[in-house]
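Here the structure comes first, spelled out in structure tokens, and everything after it is commentary.
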There are 4 protein chains.
Amino acid sequence: MTAPREYPTALGASSTEKITLLGHDLAEDVMGSVGFGELAFWLATQRRPTPGETRVFEAVLAALADHGFTPTAITTRLTYLSAPDSVQGALAAGLLGGGSRFLGVTEDCGRFLHERLPGELPVDDAGWDALALETVRRQREAKRFVPGLGHHVHKNGDPRTPRLLQIATEEGCYGPHLSLFAAIGRVHPQVLGRTLPLNGAGVCGAALADLGLPLELLRGFALLARTAGLIGQLAEELRHPVAGDIFLSVDLHNRSVDPDPYEPGGRRG
Amino acid sequence: MTAPREYPTALGASSTEKITLLGHDLAEDVMGSVGFGELAFWLATQRRPTPGETRVFEAVLAALADHGFTPTAITTRLTYLSAPDSVQGALAAGLLGGGSRFLGVTEDCGRFLHERLPGELPVDDAGWDALALETVRRQREAKRFVPGLGHHVHKNGDPRTPRLLQIATEEGCYGPHLSLFAAIGRVHPQVLGRTLPLNGAGVCGAALADLGLPLELLRGFALLARTAGLIGQLAEELRHPVAGDIFLSVDLHNRSVDPDPYEPGGRRG
Amino acid sequence: MTAPREYPTALGASSTEKITLLGHDLAEDVMGSVGFGELAFWLATQRRPTPGETRVFEAVLAALADHGFTPTAITTRLTYLSAPDSVQGALAAGLLGGGSRFLGVTEDCGRFLHERLPGELPVDDAGWDALALETVRRQREAKRFVPGLGHHVHKNGDPRTPRLLQIATEEGCYGPHLSLFAAIGRVHPQVLGRTLPLNGAGVCGAALADLGLPLELLRGFALLARTAGLIGQLAEELRHPVAGDIFLSVDLHNRSVDPDPYEPGGRRG
Amino acid sequence: MTAPREYPTALGASSTEKITLLGHDLAEDVMGSVGFGELAFWLATQRRPTPGETRVFEAVLAALADHGFTPTAITTRLTYLSAPDSVQGALAAGLLGGGSRFLGVTEDCGRFLHERLPGELPVDDAGWDALALETVRRQREAKRFVPGLGHHVHKNGDPRTPRLLQIATEEGCYGPHLSLFAAIGRVHPQVLGRTLPLNGAGVCGAALADLGLPLELLRGFALLARTAGLIGQLAEELRHPVAGDIFLSVDLHNRSVDPDPYEPGGRRG
């Protein structure tokens with residue numbers, strides 16, 4: 001016979017009189033003085049970020065928040081069409097598309113770069129270039145892509161990449177992951193024989209890794225950003241619904257019949 | 001100091017030598033002798049259904065398993081496109097569309113009929129017709145639809161309805177919910193001034209309620225049926241992929257660009 | 001034969017050279033200058049919030065981000081234990097608990113207050129008190145609770161409530177929803193015969209409604225806040241895992257056996 | 001300008017008068033004559049299974065349907081506690097635990113065996129044993145486990161395994177995957193120096209592969225089985241709720257306070 005197990009947490013806790021978050025008084029010391037990006041960083045690392053780190057982190061979240069009619073956005077809208085009673089279901093359905101293909105590049109790139117960093121880091125661009133050259137060569141020999149390299153639309157350069165490198169530099173957050181990523185951008189044509197852009201999802205992963213966020217959860221930050229985007233998609237769907245038309249454009253049969261006025265919305269079992 | 005709480009369950013349990021399900025030896029008495037529909041009924045009610053009840057139950061599941069390119073099917077395919085590493089995510093995303101509009105009619109209809117049944121049930125068709133007349137009148141006065149009445153495609157009758165009524169009759173499972181539902185089908189033109197079909201989703205809800213399944217979970221059986229359908233959709237997507245085309249038909253911009261051969265599949269951040 | 005349907009969106013869009021978000025150049029005008037709370041507000045309303053509105057909004061998000069071992073937090077940790085390959089699944093599973101009971105008070109309260117606001121608003125505290133008195137009386141007569149009133153822990157007052165009222169006042173965001181909510185706090189003892197606290201979830205709903213955010217999506221903002229909290233829960237689970245112990249505390253049988261060293265983690269079919 | 005894209009499907013379709021499923025008249029030829037396990041197989045393969053194949057398939061589903069208080073079961077109950085308005089959310093949340101650790105063995109084992117099958121199959125037990133020996137040796141050399149080998153509870157043998165082998169034999173469905181799996185059971189002690197059980201999840205994967213079901217979706221059938229189990233868990237939760245106690249056993253703080261009678265259920269923001 002033993003005492004009930006206690007599960008410690010350093011996140012939220014409360015007593016009759018007080019609520020704490022991360023060990024601080026929630027009402028007095030967090031609400032009104034900690035921004036949401038800053039708080040998300042703090043929750044994930046148990047370390048309050050500097051204003052510079054917060055700026056880089058929020059730039060990453062902005063870069064990943066919404067990309068228009070992605071599968072995740074379409075899914076959230078269709079799920080809301082089917083089950084408007086459950087906003088949580090519509091958001092969850094959209095997030096479930098945040099796997100290996102869409103949204104996954106951020107995590108893949110951060111992990112990839114991390115695994116290639118040697119114990120002793122290069123000290124200048126020449127050193128980073130040498131490391132990058134070896135990195136790209138090995139991927140090519142293994143017939144594998146370099147995560148974060150290439151983009152199917154922004155062939156001449158992804159505008160998010162130089163901007164994030166610039167912000168990270170301004171804030172003193174330009175660390176080894178971004179250094180290796182930038183070097184890959186410089187040297188890969190020597191190996192691949194063509195010039196590919198460093199894409200925005202990849203540079204975001206590199207920046208998150210440089211901020212010291214847990215590599216296992218890099219995808220989580222892309223999902224956090226996307227949650228804000230999906231709420232935006234739902235808000236737009238409420239103002240200007242298109243999910244019904246998207247559905248009918250796929251299910252042509254239904255398009256050919258008149259909706260029954262007795263059962264608006266084409267409700268089906 | 002107290003003993004750890006024990007949580008009883010009458011479902012699955014195991015010891016080193018034996019596994020039980022519903023109090024029976026899983027390997028000896030369930031595997032190989034209990035069909036899947038029968039088992040699902042048993043798990044939900046803790047009562048093994050008769051062969052006749054199983055036949056009605058499985059007819060309902062067949063009726064609800066797949067309706068082509070519904071929002072749930074599209075969602076499962078799009079989520080699999082985005083996150084092919086997570087079949088569970090693709091199925092879960094599809095099921096999340098099983099709310100009030102699509103799939104919900106089954107539950108709404110079963111509950112609606114149940115709430116209208118009086119303590120003392122009618123004993124003949126005339127009695128059921130009188131109850132049905134009152135039921136439809138009250139809905140009309142409240143300006144509310146009768147769940148299960150009307151269909152946007154099968155305007156002249158939903159073929160599932162007479163078939164399920166027939167099977168339930170054959171198996172002695174034609175109870176008060178189906179009786180009231182059928183009576184609504186007979187009398188509603190007197191009130192509404194037009195003839196509407198009793199739809200398949202509705203008759204399924206009535207049949208499930210007559211089988212004694214928990215009303216709070218009627219939607220759950222529609223979701224069980226749909227899980228089989230969504231696996232069918234994924235299998236078809238594997239054989240003949242269309243999710244990418246559906247995505248591009250919505251996101252016209254992406255259609256206008258060549259996919260980059262370096263990054264197949266149009267992977268994006 | 002018709003042209004493919006075009007689906008407009010005012011959110012994310014891109015061309016070969018440029019990416020826009022909300023009509024602005026993402027790289028130049030959003031990244032590095034728009035905070036994440038500000039961006040989430042903007043995405044949901046198509047209107048850039050003022051710094052004061054952003055501060056109120058972020059205070060709400062902080063108030064809702066994490067409450068320790070809630071069912072949503074436990075669910076996310078257990079799902080990650082079962083399927084560590086899918087961070088998106090663990091987050092989505094947690095968010096699915098954001099329904100009517102947990103997290104739902106925020107939306108319920110915002111909607112409730114909104115529905116009670118008359119066309120012509122009161123102009124002073126006496127007017128708000130009269131409206132609040134009528135509101136509480138009607139709920140009592142209908143034997144219904146007032147959403148946002150009462151808390152099972154913070155019986156003497158929820159510290160988030162006065163703090164959020166203060167922040168909203170400081171930022172000029174104290175509108176009719178907060179006015180009615182505060183008045184309910186003042187007058188309800190006259191009707192109910194006891195003094196209950198205005199809870200934090202409720203005041204958050206009132207504040208979000210005063211900020212002009214879509215009422216249909218108030219729950220969505222609670223879910224956005226909780227996404228950050230759930231990432232924090234996962235980060236803590238990575239540093240200090242407890243999900244296995246939680247599982248075993250429920251499934252006592254498994255606790256009684258030695259884990260097989262050949263299959264670490266107690267993997268089961 | 002082009003015609004709208006048509007998306008073909010061989011699953012569900014309907015016209016005004018008729019509904020088809022898998023090319024058959026749903027009402028006349030499927031409802032009342034096709035069992036649910038049979039239908040699920042048919043939907044996934046576009047091939048109607050024989051009665052023998054159906055029996056093996058349903059034995060697998062029975063073996064995987066419910067294992068008591070697994071993380072998936074706890075998750076479904078906790079999510080229903082939090083959001084009782086969304087049965088679909090509770091089921092989806094539970095299924096999201098069906099990843100690599102729990103439920104994943106079935107798929108891992110089926111794929112593993114498939115990849116080890118040579119172009120020309122062994123013709124007798126000696127041949128299978130030789131293949132199995134090589135298979136186990138290679139795994140050991142690579143310091144990897146053999147999927148399906150070992151169980152943390154059923155150390156002396158998993159009762160599902162011999163039973164499923166027997167049923168498959170009876171029905172003429174004992175093919176190469178089961179043959180290799182059984183041979184691994186015979187020979188692995190020679191390599192590993194200890195005798196481990198062939199577990200039930202693994203034998204299910206081997207049987208599903210022998211039935212010709214798509215390897216990419218083997219996890220999907222485990223999830224289908226588990227959907228029935230999770231509905232059983234919800235039904236039990238409705239009859240005998242324990243989710244609240246599970247939650248409070250983790251969140252000890254809340255246990256120490258009296259629930260407020262004004263807000264039953266301990267509702268929190």
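Chain identifiers are assigned as A, B, and so on, following the order in which chains appear in the structure tokens; residues are numbered from 1 within each chain, and ligands are numbered from 1 in order of appearance.
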
Sort by chain and increasing residue number a table of all residues of chain D within 6 Å of chain B, each with its closest pair of atoms and their distance in Å to one decimal, counting only C-alpha atoms, and write it as a tab-separated table.
residue	atom	partner	partner_atom	distance
D:Gly12	CA	B:Gly68	CA	4.4
D:Ala13	CA	B:Gly68	CA	5.6
D:Thr16	CA	B:His154	CA	4.7
D:Ala27	CA	B:Arg160	CA	5.1
D:Met31	CA	B:Ala59	CA	4.4
D:Gly32	CA	B:Ala59	CA	5.0
D:Gly35	CA	B:Glu58	CA	5.8
D:Phe36	CA	B:Gly37	CA	5.4
D:Gly37	CA	B:Phe36	CA	5.4
D:Ala40	CA	B:Ala228	CA	5.1
D:Leu43	CA	B:Gly232	CA	4.6
D:Ala44	CA	B:Gly232	CA	4.3
D:Arg55	CA	B:Gly32	CA	6.0
D:Glu58	CA	B:Phe36	CA	5.5
D:Ala59	CA	B:Met31	CA	4.4
D:Ala62	CA	B:Met31	CA	5.9
D:Asp66	CA	B:Gly12	CA	5.4
D:His67	CA	B:Gly12	CA	4.6
D:Gly68	CA	B:Gly12	CA	4.4
D:Gln88	CA	B:Leu96	CA	5.5
D:Ala92	CA	B:Ala92	CA	4.6
D:Leu96	CA	B:Gln88	CA	5.5
D:Val153	CA	B:Thr16	CA	5.4
D:His154	CA	B:Thr16	CA	4.7
D:Arg160	CA	B:Ala27	CA	5.1
D:Arg163	CA	B:Ala27	CA	6.0
D:Ala228	CA	B:Ala40	CA	5.1
D:Gly232	CA	B:Ala44	CA	4.4
D:Ala235	CA	B:Ala44	CA	5.5

Mobile chain B fitted to chain C over all in-order Cα pairs, reported as a tab-separated table (two decimals) with C-alpha atoms, in the first residue's frame:
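Written out: selection.tsv:
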chain	number	residue	atom	x	y	z
B	1	MET	CA	-17.28	23.30	-70.00
B	2	THR	CA	-16.20	25.90	-67.54
B	3	ALA	CA	-13.01	27.35	-66.15
B	4	PRO	CA	-11.74	25.79	-62.97
B	5	ARG	CA	-13.22	27.45	-59.93
B	6	GLU	CA	-10.95	29.96	-58.25
B	7	TYR	CA	-11.03	30.17	-54.50
B	8	PRO	CA	-10.00	33.55	-53.20
B	9	THR	CA	-8.14	33.96	-49.93
B	10	ALA	CA	-6.87	37.03	-48.17
B	11	LEU	CA	-4.40	35.02	-46.11
B	12	GLY	CA	-1.24	33.48	-47.53
B	13	ALA	CA	-0.36	33.60	-51.22
B	14	SER	CA	2.80	33.33	-53.25
B	15	SER	CA	4.28	33.85	-56.66
B	16	THR	CA	7.70	32.84	-57.91
B	17	GLU	CA	9.35	35.93	-56.45
B	18	LYS	CA	7.13	36.96	-53.57
B	19	ILE	CA	5.14	35.63	-50.65
B	20	THR	CA	2.33	37.66	-49.15
B	21	LEU	CA	0.38	37.23	-45.94
B	22	LEU	CA	-2.73	39.30	-45.35
B	23	GLY	CA	-1.84	41.37	-48.38
B	24	HIS	CA	1.57	42.35	-47.01
B	25	ASP	CA	4.99	41.22	-48.10
B	26	LEU	CA	5.67	38.35	-45.69
B	27	ALA	CA	9.44	38.62	-45.62
B	28	GLU	CA	9.77	42.40	-45.59
B	29	ASP	CA	6.72	43.60	-43.69
B	30	VAL	CA	5.62	40.76	-41.43
B	31	MET	CA	8.67	38.71	-40.39
B	32	GLY	CA	10.63	40.57	-37.77
B	33	SER	CA	7.99	43.21	-37.13
B	34	VAL	CA	4.73	41.45	-36.27
B	35	GLY	CA	4.54	39.51	-33.01
B	36	PHE	CA	2.83	36.14	-32.91
B	37	GLY	CA	-0.15	37.21	-30.82
B	38	GLU	CA	-0.61	40.22	-33.04
B	39	LEU	CA	-0.45	38.01	-36.12
B	40	ALA	CA	-2.97	35.52	-34.76
B	41	PHE	CA	-5.41	38.39	-34.09
B	42	TRP	CA	-4.81	39.81	-37.56
B	43	LEU	CA	-5.34	36.43	-39.25
B	44	ALA	CA	-8.65	35.97	-37.45
B	45	THR	CA	-10.06	39.43	-38.07
B	46	GLN	CA	-8.25	40.71	-41.17
B	47	ARG	CA	-7.55	43.77	-39.08
B	48	ARG	CA	-4.21	44.58	-37.49
B	49	PRO	CA	-4.75	45.10	-33.78
B	50	THR	CA	-3.47	48.11	-31.91
B	51	PRO	CA	-0.70	47.52	-29.36
B	52	GLY	CA	-3.32	47.82	-26.62
B	53	GLU	CA	-5.57	45.21	-28.21
B	54	THR	CA	-2.57	42.95	-28.66
B	55	ARG	CA	-1.69	43.28	-25.00
B	56	VAL	CA	-5.20	42.30	-23.90
B	57	PHE	CA	-5.29	39.44	-26.40
B	58	GLU	CA	-1.93	38.09	-25.26
B	59	ALA	CA	-2.98	38.38	-21.62
B	60	VAL	CA	-5.95	36.15	-22.47
B	61	LEU	CA	-3.70	33.64	-24.22
B	62	ALA	CA	-1.39	33.57	-21.21
B	63	ALA	CA	-4.34	32.97	-18.91
B	64	LEU	CA	-5.46	29.95	-20.94
B	65	ALA	CA	-2.15	28.42	-22.04
B	66	ASP	CA	-1.62	25.77	-19.40
B	67	HIS	CA	-3.39	24.59	-16.27
B	68	GLY	CA	-1.15	21.70	-15.32
B	69	PHE	CA	-2.35	18.10	-15.56
B	70	THR	CA	-5.68	18.71	-17.22
B	71	PRO	CA	-7.24	15.90	-19.26
B	72	THR	CA	-5.91	17.59	-22.38
B	73	ALA	CA	-2.35	17.57	-21.02
B	74	ILE	CA	-2.59	13.94	-19.89
B	75	THR	CA	-4.02	12.97	-23.26
B	76	THR	CA	-1.19	14.62	-25.17
B	77	ARG	CA	1.41	12.89	-23.02
B	78	LEU	CA	-0.25	9.47	-23.31
B	79	THR	CA	-0.62	9.81	-27.07
B	80	TYR	CA	3.02	10.76	-27.39
B	81	LEU	CA	3.91	7.70	-25.30
B	82	SER	CA	1.97	5.50	-27.72
B	83	ALA	CA	2.95	7.20	-30.96
B	84	PRO	CA	6.16	9.18	-30.49
B	85	ASP	CA	6.55	9.32	-34.25
B	86	SER	CA	3.67	11.75	-34.55
B	87	VAL	CA	3.93	15.02	-32.63
B	88	GLN	CA	1.00	16.30	-34.66
B	89	GLY	CA	-1.11	13.42	-33.41
B	90	ALA	CA	-0.21	14.09	-29.78
B	91	LEU	CA	-1.10	17.78	-30.08
B	92	ALA	CA	-4.29	17.08	-32.03
B	93	ALA	CA	-5.41	14.51	-29.46
B	94	GLY	CA	-4.95	17.04	-26.67
B	95	LEU	CA	-6.85	19.74	-28.51
B	96	LEU	CA	-9.77	17.36	-29.02
B	97	GLY	CA	-10.46	17.69	-25.30
B	98	GLY	CA	-11.10	21.39	-25.85
B	99	GLY	CA	-14.82	20.99	-25.96
B	100	SER	CA	-17.80	21.91	-23.89
B	101	ARG	CA	-16.46	21.13	-20.42
B	102	PHE	CA	-12.77	22.00	-20.37
B	103	LEU	CA	-11.90	25.10	-22.39
B	104	GLY	CA	-15.52	25.61	-23.42
B	105	VAL	CA	-16.38	28.17	-20.73
B	106	THR	CA	-14.51	30.90	-22.60
B	107	GLU	CA	-16.70	30.55	-25.65
B	108	ASP	CA	-19.89	29.92	-23.72
B	109	CYS	CA	-19.35	33.04	-21.65
B	110	GLY	CA	-18.52	35.28	-24.60
B	111	ARG	CA	-21.59	34.10	-26.52
B	112	PHE	CA	-23.85	34.29	-23.48
B	113	LEU	CA	-22.92	37.88	-22.74
B	114	HIS	CA	-23.23	38.84	-26.39
B	115	GLU	CA	-26.75	37.47	-26.62
B	116	ARG	CA	-27.83	39.45	-23.56
B	117	LEU	CA	-26.58	42.82	-24.80
B	118	PRO	CA	-29.48	45.07	-25.74
B	119	GLY	CA	-29.52	47.25	-28.88
B	120	GLU	CA	-29.00	50.30	-26.75
B	121	LEU	CA	-26.28	49.75	-24.20
B	122	PRO	CA	-26.37	51.01	-20.61
B	123	VAL	CA	-24.41	54.18	-20.02
B	124	ASP	CA	-23.41	53.77	-16.39
B	125	ASP	CA	-22.80	51.15	-13.72
B	126	ALA	CA	-26.35	51.42	-12.48
B	127	GLY	CA	-27.57	50.55	-15.95
B	128	TRP	CA	-25.18	47.60	-16.24
B	129	ASP	CA	-26.21	46.39	-12.80
B	130	ALA	CA	-29.86	46.44	-13.79
B	131	LEU	CA	-29.10	44.46	-16.95
B	132	ALA	CA	-26.96	42.03	-14.99
B	133	LEU	CA	-29.68	41.54	-12.39
B	134	GLU	CA	-32.21	40.70	-15.06
B	135	THR	CA	-29.72	38.37	-16.73
B	136	VAL	CA	-28.93	36.41	-13.58
B	137	ARG	CA	-32.63	36.24	-12.62
B	138	ARG	CA	-33.61	34.77	-15.97
B	139	GLN	CA	-30.91	32.14	-15.78
B	140	ARG	CA	-31.97	31.20	-12.30
B	141	GLU	CA	-35.60	30.95	-13.35
B	142	ALA	CA	-34.55	28.73	-16.25
B	143	LYS	CA	-32.50	26.72	-13.72
B	144	ARG	CA	-29.37	27.34	-15.74
B	145	PHE	CA	-25.92	28.41	-14.64
B	146	VAL	CA	-24.41	31.73	-15.62
B	147	PRO	CA	-21.34	30.83	-17.72
B	148	GLY	CA	-18.18	32.17	-16.13
B	149	LEU	CA	-19.62	32.36	-12.62
B	150	GLY	CA	-18.13	30.04	-10.01
B	151	HIS	CA	-14.88	28.12	-9.72
B	152	HIS	CA	-14.23	24.86	-7.94
B	153	VAL	CA	-10.81	25.91	-6.66
B	154	HIS	CA	-10.66	29.71	-6.56
B	155	LYS	CA	-13.70	30.09	-4.35
B	156	ASN	CA	-12.66	33.45	-2.98
B	157	GLY	CA	-11.85	34.94	-6.32
B	158	ASP	CA	-9.95	33.98	-9.44
B	159	PRO	CA	-6.85	36.17	-9.60
B	160	ARG	CA	-6.99	36.33	-13.39
B	161	THR	CA	-10.28	38.17	-13.38
B	162	PRO	CA	-9.35	41.49	-11.72
B	163	ARG	CA	-6.05	41.45	-13.56
B	164	LEU	CA	-7.66	41.12	-16.99
B	165	LEU	CA	-10.24	43.77	-16.15
B	166	GLN	CA	-7.37	46.06	-15.16
B	167	ILE	CA	-5.38	45.41	-18.35
B	168	ALA	CA	-8.46	45.96	-20.52
B	169	THR	CA	-9.13	49.22	-18.70
B	170	GLU	CA	-5.53	50.38	-19.15
B	171	GLU	CA	-5.71	49.66	-22.87
B	172	GLY	CA	-9.14	51.13	-23.53
B	173	CYS	CA	-10.55	47.69	-24.38
B	174	TYR	CA	-13.12	47.50	-21.60
B	175	GLY	CA	-16.29	47.17	-23.67
B	176	PRO	CA	-19.86	45.99	-23.17
B	177	HIS	CA	-19.09	42.29	-22.66
B	178	LEU	CA	-16.66	42.96	-19.84
B	179	SER	CA	-19.05	45.58	-18.45
B	180	LEU	CA	-21.91	43.11	-18.23
B	181	PHE	CA	-19.63	40.40	-16.85
B	182	ALA	CA	-18.29	42.69	-14.11
B	183	ALA	CA	-21.83	43.77	-13.26
B	184	ILE	CA	-22.86	40.10	-12.93
B	185	GLY	CA	-20.03	39.80	-10.44
B	186	ARG	CA	-21.48	42.69	-8.42
B	187	VAL	CA	-25.15	41.76	-8.40
B	188	HIS	CA	-25.43	37.99	-8.49
B	189	PRO	CA	-25.43	37.57	-4.69
B	190	GLN	CA	-28.75	39.42	-4.57
B	191	VAL	CA	-30.27	36.68	-6.69
B	192	LEU	CA	-28.34	33.58	-5.74
B	193	GLY	CA	-27.92	34.33	-2.06
B	194	ARG	CA	-24.22	33.55	-2.15
B	195	THR	CA	-21.11	35.11	-3.59
B	196	LEU	CA	-19.35	33.29	-6.38
B	197	PRO	CA	-16.15	34.26	-8.15
B	198	LEU	CA	-16.08	35.41	-11.76
B	199	ASN	CA	-13.76	32.82	-13.21
B	200	GLY	CA	-10.79	33.37	-15.46
B	201	ALA	CA	-12.10	31.37	-18.39
B	202	GLY	CA	-15.23	33.50	-18.40
B	203	VAL	CA	-13.49	36.84	-18.22
B	204	CYS	CA	-11.28	35.72	-21.09
B	205	GLY	CA	-14.35	35.05	-23.21
B	206	ALA	CA	-15.75	38.48	-22.35
B	207	ALA	CA	-12.47	40.17	-23.23
B	208	LEU	CA	-12.16	38.32	-26.54
B	209	ALA	CA	-15.71	39.34	-27.44
B	210	ASP	CA	-14.92	42.98	-26.58
B	211	LEU	CA	-11.91	42.77	-28.90
B	212	GLY	CA	-14.30	41.99	-31.73
B	213	LEU	CA	-13.06	38.48	-32.38
B	214	PRO	CA	-15.57	36.15	-34.07
B	215	LEU	CA	-17.85	34.59	-31.46
B	216	GLU	CA	-18.01	31.33	-33.39
B	217	LEU	CA	-14.26	30.95	-32.90
B	218	LEU	CA	-13.75	32.03	-29.29
B	219	ARG	CA	-13.00	28.41	-28.44
B	220	GLY	CA	-10.37	28.54	-31.17
B	221	PHE	CA	-8.33	31.11	-29.27
B	222	ALA	CA	-8.43	28.98	-26.15
B	223	LEU	CA	-7.15	26.15	-28.34
B	224	LEU	CA	-4.37	28.34	-29.77
B	225	ALA	CA	-3.25	29.18	-26.25
B	226	ARG	CA	-3.45	25.55	-25.27
B	227	THR	CA	-1.35	24.46	-28.26
B	228	ALA	CA	1.54	26.41	-26.75
B	229	GLY	CA	0.80	24.80	-23.39
B	230	LEU	CA	0.69	21.30	-24.85
B	231	ILE	CA	4.06	21.82	-26.53
B	232	GLY	CA	5.30	22.79	-23.09
B	233	GLN	CA	3.82	19.58	-21.70
B	234	LEU	CA	5.59	17.53	-24.38
B	235	ALA	CA	8.87	19.31	-23.71
B	236	GLU	CA	8.50	18.51	-20.02
B	237	GLU	CA	7.60	14.91	-20.86
B	238	LEU	CA	10.82	14.65	-22.89
B	239	ARG	CA	12.87	15.98	-19.98
B	240	HIS	CA	11.02	14.11	-17.26
B	241	PRO	CA	8.70	11.38	-18.56
B	242	VAL	CA	5.63	10.51	-16.50
B	243	ALA	CA	3.16	9.22	-19.10
B	244	GLY	CA	4.32	5.65	-18.65
B	245	ASP	CA	3.71	5.88	-14.91
B	246	ILE	CA	0.30	7.44	-15.43
B	247	PHE	CA	-0.61	4.61	-17.76
B	248	LEU	CA	0.60	1.95	-15.34
B	249	SER	CA	-1.21	3.60	-12.43
B	250	VAL	CA	-4.44	3.01	-14.32
B	251	ASP	CA	-3.60	-0.39	-15.75
B	252	LEU	CA	-2.64	-1.99	-12.46
B	253	HIS	CA	-2.22	-5.40	-13.94
B	254	ASN	CA	0.71	-4.35	-16.05
B	255	ARG	CA	2.36	-2.80	-13.06
B	256	SER	CA	2.66	-6.18	-11.45
B	257	VAL	CA	4.89	-7.63	-14.12
B	258	ASP	CA	8.47	-6.96	-14.95
B	259	PRO	CA	8.99	-5.19	-18.19
B	260	ASP	CA	10.71	-7.49	-20.61
B	261	PRO	CA	14.22	-6.25	-21.34
B	262	TYR	CA	13.88	-7.61	-24.86
B	263	GLU	CA	11.03	-5.26	-25.60
B	264	PRO	CA	11.68	-2.01	-23.79
B	265	GLY	CA	8.81	0.31	-23.23
B	266	GLY	CA	6.25	-2.39	-22.75
B	267	ARG	CA	5.21	-2.40	-26.36
B	268	ARG	CA	1.97	-4.22	-26.88
B	269	GLY	CA	-0.21	-5.21	-29.77
